[in-house]
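Report on the structure given below.
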Amino acid sequence: PGSLCNAGLTLSLSDNAMDGGAQQSSLREPPGPGSVEQEGVPSERDGGEGPPELKRSQPLFIHGSSRQLPEEEPRASSLPSIPNPFPELCSPSNSPILSSPTLGQGPPREGTSHVVKVFGEDGACRSLEASAGTTARQLCETLVRRTRALQDHSWALVELHQHLALERCLEDHESVVEVQSSWPPGADSRFVFRKNFAKYELFKSNASLFPEVMVSSCLEANKSMAHSELIQNFLNSGSCPEVQGFLQLREAGRKVWKRFYFSLRRSGLYYSTKGTSKDPRHLQYFADLTESNIYYVTQGKKLYGTPTEFGFCIKPYKVRSGVKGLKLLCSEDEQSRSCWMAAFRLFKVGPGTAKVLLPPFHGETHTHPPATDPPFHWYPQRSVSDNALVAMDFSGCTGRVIENPNEVLTVALEEAQAWRVSWGAGVSLPWAWVPPTPDTQFPAAIHRTQPWFHGRISREDTQQLIGRQGLVDGVFLVRESQRNPKGFVLSLCHLQRVKHYLILPSEEEGRLYFTMDDGQTRFADLIQLVEFHQINRGILPCKLRHYCTCVAL
């Protein structure tokens, strides 16, 4: 009754399976007392073709095989195919159950599109579809086209970790999807689209970016070479000069900051355990920059208790979330921090620095400048709309195209001045600085349409905005004065410091003008004042080069 035959089941075992069962049991048990062996009926053991010998139920060793049984093949092929309703549970890389939450989103897969959210400085968000190979430069160009902003290669994509108060500007060649996949799930990390005028300043004013005191060892080894020439040679060769200086270091697991002498060499970043000694016995290896990202610390004093506001952080790739594992450093001033950050960029990119870090030329992606141009000099491209414009002269009976560039500039200036005079003829003082209302005329508020005018913004917000968009000489904006309700303020960055100049309106012979030097230099409006100082320095320490602006996504 306990046999498989009586249960209505038939097992067809191959000869290999029988041989395997015989090998498992080298000693064959004798027949039990209840077993009967039929006489005259040949068995398989005797080489006959009759039915197998009947036995009582015994343990049967069934060896696993990847081959299907012959009798089951028709049944399996006759069944309809049922789709899997939960395919994500069968893929460990995409499964929320089979994959560890500490592994993040996993590496991006080629050929698939990913959703990338980008935020503006006003907090607005825009979602874009990007492939796995989309670079930061390509995403910025897409946003420039969609927001109809002027393409001048100063737009950048910034990686921001709000919970850690860390931010860094992505290089043009970095993959946006790969960076986003490295974020831990549920973190408040984001991409911010904004201006960054300091992004390519490394190749335009490199001598001032690397002070002599911080590259003194290189100058001693090359005494016959000038400072600027030495730095230029390092950039041309794609290598990083040896940088040294004092930095404040936060000890691991403690809130105490100590001052050490650091040295950045080709083999990595070191600090001296004995003053300024460069003896190998006193140098301690600090961090592997090739496996780390370098971030600015935006709220160092509040979150980390930094001695100054010029902090930065070395964040290894393996550190995904939390403060543990971060290497926090602090400089004494902004110039020192800028030097260290520039040196870290050169160190990470290595050979081919110019090809990777320079902006594209003439619509091409990461190409070298023309051979006739000086090395590492680039010129901003004109927008598509500017290239479609043609200067025309309609003073005669028929119009003509002005081909001489000097004549084009002269006509443009004369036309702009005539426009201002015609509109400003009836301007009177009482309403000149009043916010525009439906009853006011257009010229009084013409500066409000300019991208460099930011309205009623505080002094502190102005310094933060200029700092975020790059502490480069000539970065400026115009805002309303908080102390003088009738005046304006020109905020300008010079030598990595933001300075503020008061602009006051005045009236003479019924005409309104603006001045910054007690009436010695007068301007019909703020637009004329800005355009003049973009060409002439005047009383300012430098010319106006880049205006801070924000776009709405």
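In the structure tokens, chains take letters A, B, ... by order of appearance, with residues numbered from 1 within each chain and ligands from 1 in the order shown.
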
Please provide the set of residues having any atom within 7 Å of range 471-488 of chain A, restricted to only C-alpha atoms, with same-chain residues fewer than 3 positions apart removed, written as a list of chain:residue names.
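Close residues of range 471-488 of chain A: A:Phe197, A:Ala198, A:Trp433, A:Trp452, A:Phe453, A:His454, A:Gly455, A:Arg456, A:Ile457, A:Ile466, A:Gly467, A:Ser491, A:Leu492, A:Cys493, A:His494, A:Leu495, A:Gln496, A:Leu502, A:Ile503, A:Leu504, A:Pro505, A:Cys542, A:Lys543, A:Leu544, A:Arg545, A:His546, A:Tyr547, A:Cys548.
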
Let's have the selection written as a JSON list (two decimals), in the first residue's frame, with C-alpha atoms.
[["chain", "number", "residue", "atom", "x", "y", "z"],
["A", 197, "PHE", "CA", 31.82, 82.94, -13.15],
["A", 198, "ALA", "CA", 34.74, 81.35, -11.28],
["A", 433, "TRP", "CA", 12.78, 107.19, -7.71],
["A", 452, "TRP", "CA", 21.54, 93.19, -13.40],
["A", 453, "PHE", "CA", 18.89, 94.99, -11.33],
["A", 454, "HIS", "CA", 17.67, 93.02, -8.29],
["A", 455, "GLY", "CA", 15.30, 95.47, -6.64],
["A", 456, "ARG", "CA", 14.98, 95.54, -2.87],
["A", 457, "ILE", "CA", 17.56, 92.96, -1.81],
["A", 466, "ILE", "CA", 27.70, 87.19, -5.50],
["A", 467, "GLY", "CA", 29.58, 84.58, -3.48],
["A", 491, "SER", "CA", 27.64, 96.01, -5.40],
["A", 492, "LEU", "CA", 30.94, 94.95, -6.98],
["A", 493, "CYS", "CA", 33.39, 92.11, -6.33],
["A", 494, "HIS", "CA", 37.09, 92.96, -6.32],
["A", 495, "LEU", "CA", 39.94, 90.86, -4.93],
["A", 496, "GLN", "CA", 37.40, 88.30, -3.68],
["A", 502, "LEU", "CA", 25.99, 104.42, -3.29],
["A", 503, "ILE", "CA", 24.26, 105.93, -6.32],
["A", 504, "LEU", "CA", 22.31, 109.11, -5.61],
["A", 505, "PRO", "CA", 19.85, 110.95, -7.89],
["A", 542, "CYS", "CA", 37.87, 97.47, -11.79],
["A", 543, "LYS", "CA", 35.51, 97.44, -14.73],
["A", 544, "LEU", "CA", 32.07, 95.83, -14.58],
["A", 545, "ARG", "CA", 32.47, 92.44, -16.27],
["A", 546, "HIS", "CA", 29.73, 89.99, -15.20],
["A", 547, "TYR", "CA", 26.30, 90.79, -13.82],
["A", 548, "CYS", "CA", 24.55, 88.50, -11.39]]

Per DSSP on the backbone, what are the strand (DSSP E) residues of range 172-363 of chain A, as a ChimeraX atom specification?
/A:189-195,243-250,257-265,268-272,283-287,292-297,311-316,327-330

For the atom pair CA of Glu403 in chain A and CA of Ile535 in chain A, what is the interatomic distance in Å to one decimal place?
22.9 Å

List the spatial neighbours of Leu269 in chain A as a list of chain:residue names - criterion: any atom at most 7 Å away, only C-alpha atoms, same-chain residues fewer than 5 positions off excluded.
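After dropping sequence-adjacent residues, the list is A:Ser263, A:Leu264, A:Tyr285, A:Phe286, A:Ala287.
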
In Å and to one decimal, CA of Gly245 in chain A is distant from CA of Lys348 in chain A by 19.3 Å

For Lys318 in chain A, please output as a PyMOL selection string all residues within 10 Å (counting only C-alpha atoms; exclusion window: fewer than 6 positions along the same chain).
chain A and resi 103+182+291-292+325

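We find CA of Arg468 in chain A and CA of Ser239 in chain A to be spaced 27.3 Å apart.
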
Excluding same-chain residues fewer than 4 positions from Phe210 in chain A, what lies within 10 Å of it counting only C-alpha atoms, as a short mmCIF file (atom, residue, chain, number, x, y, z; two decimals) with C-alpha atoms, in the first residue's frame?
data_model
loop_
_atom_site.label_atom_id
_atom_site.label_comp_id
_atom_site.auth_asym_id
_atom_site.auth_seq_id
_atom_site.Cartn_x
_atom_site.Cartn_y
_atom_site.Cartn_z
CA LEU A 202 41.46 79.12 -13.41
CA SER A 205 43.89 84.75 -14.08
CA ASN A 206 45.91 81.77 -12.88
CA MET A 214 51.68 78.92 -1.48
CA VAL A 215 53.84 77.72 -4.39
CA HIS A 227 55.72 83.25 -11.13
CA SER A 228 53.10 83.67 -13.88
CA ILE A 231 51.92 78.53 -13.29
CA PRO A 241 51.88 72.71 -8.78
CA VAL A 243 50.81 73.78 -2.90
CA GLN A 335 42.23 83.56 -1.33
CA SER A 336 43.76 80.57 0.42
CA SER A 338 40.36 79.37 -3.70
CA CYS A 339 43.97 78.30 -4.20
CA TRP A 340 43.39 74.93 -2.55
CA ALA A 342 41.84 75.16 -7.81
CA ALA A 343 44.75 72.85 -7.00
#

Show which residues sit within 8 Å of Leu128 in chain A, as a tab-separated table (two decimals) with N, CA and C atoms, in the first residue's frame. Count only C-alpha atoms, and ignore same-chain residues fewer than 6 positions away.
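Output contents, as saved in around.tsv:
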chain	number	residue	atom	x	y	z
A	115	VAL	N	15.02	60.42	-14.99
A	115	VAL	CA	14.42	61.71	-14.66
A	115	VAL	C	15.38	62.45	-13.73
A	116	VAL	N	15.76	63.65	-14.13
A	116	VAL	CA	16.66	64.49	-13.35
A	116	VAL	C	15.91	65.76	-12.98
A	117	LYS	N	15.84	66.06	-11.70
A	117	LYS	CA	15.19	67.28	-11.23
A	117	LYS	C	16.25	68.35	-10.98
A	118	VAL	N	16.00	69.52	-11.54
A	118	VAL	CA	16.91	70.64	-11.41
A	118	VAL	C	16.15	71.81	-10.79

Using only C-alpha atoms, what table do you get, as CSV, when you list each residue of range 177-278 of chain A with an atom no more than 8 Å from range 298-307 of chain A, its nearest pair of atoms, and their distance in Å rounded to one decimal, rows by chain then rising number?
residue,atom,partner,partner_atom,distance
A:Gln248,CA,A:Pro307,CA,7.8
A:Lys255,CA,A:Gly305,CA,7.4
A:Trp257,CA,A:Thr306,CA,7.6

Kindly export the residues of the current selection with N, CA, C and O atoms, as a short mmCIF file (atom, residue, chain, number, x, y, z; two decimals), in the first residue's frame.
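Result file part39.cif:
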data_model
loop_
_atom_site.label_atom_id
_atom_site.label_comp_id
_atom_site.auth_asym_id
_atom_site.auth_seq_id
_atom_site.Cartn_x
_atom_site.Cartn_y
_atom_site.Cartn_z
N GLN A 248 43.19 74.65 9.10
CA GLN A 248 42.59 74.16 10.33
C GLN A 248 41.94 72.81 10.04
O GLN A 248 41.17 72.66 9.09
N LYS A 255 35.13 67.88 18.33
CA LYS A 255 34.79 69.19 17.81
C LYS A 255 35.94 70.17 17.94
O LYS A 255 35.75 71.38 17.83
N TRP A 257 39.38 71.90 16.68
CA TRP A 257 40.10 72.23 15.46
C TRP A 257 41.56 72.53 15.79
O TRP A 257 41.84 73.26 16.75
#
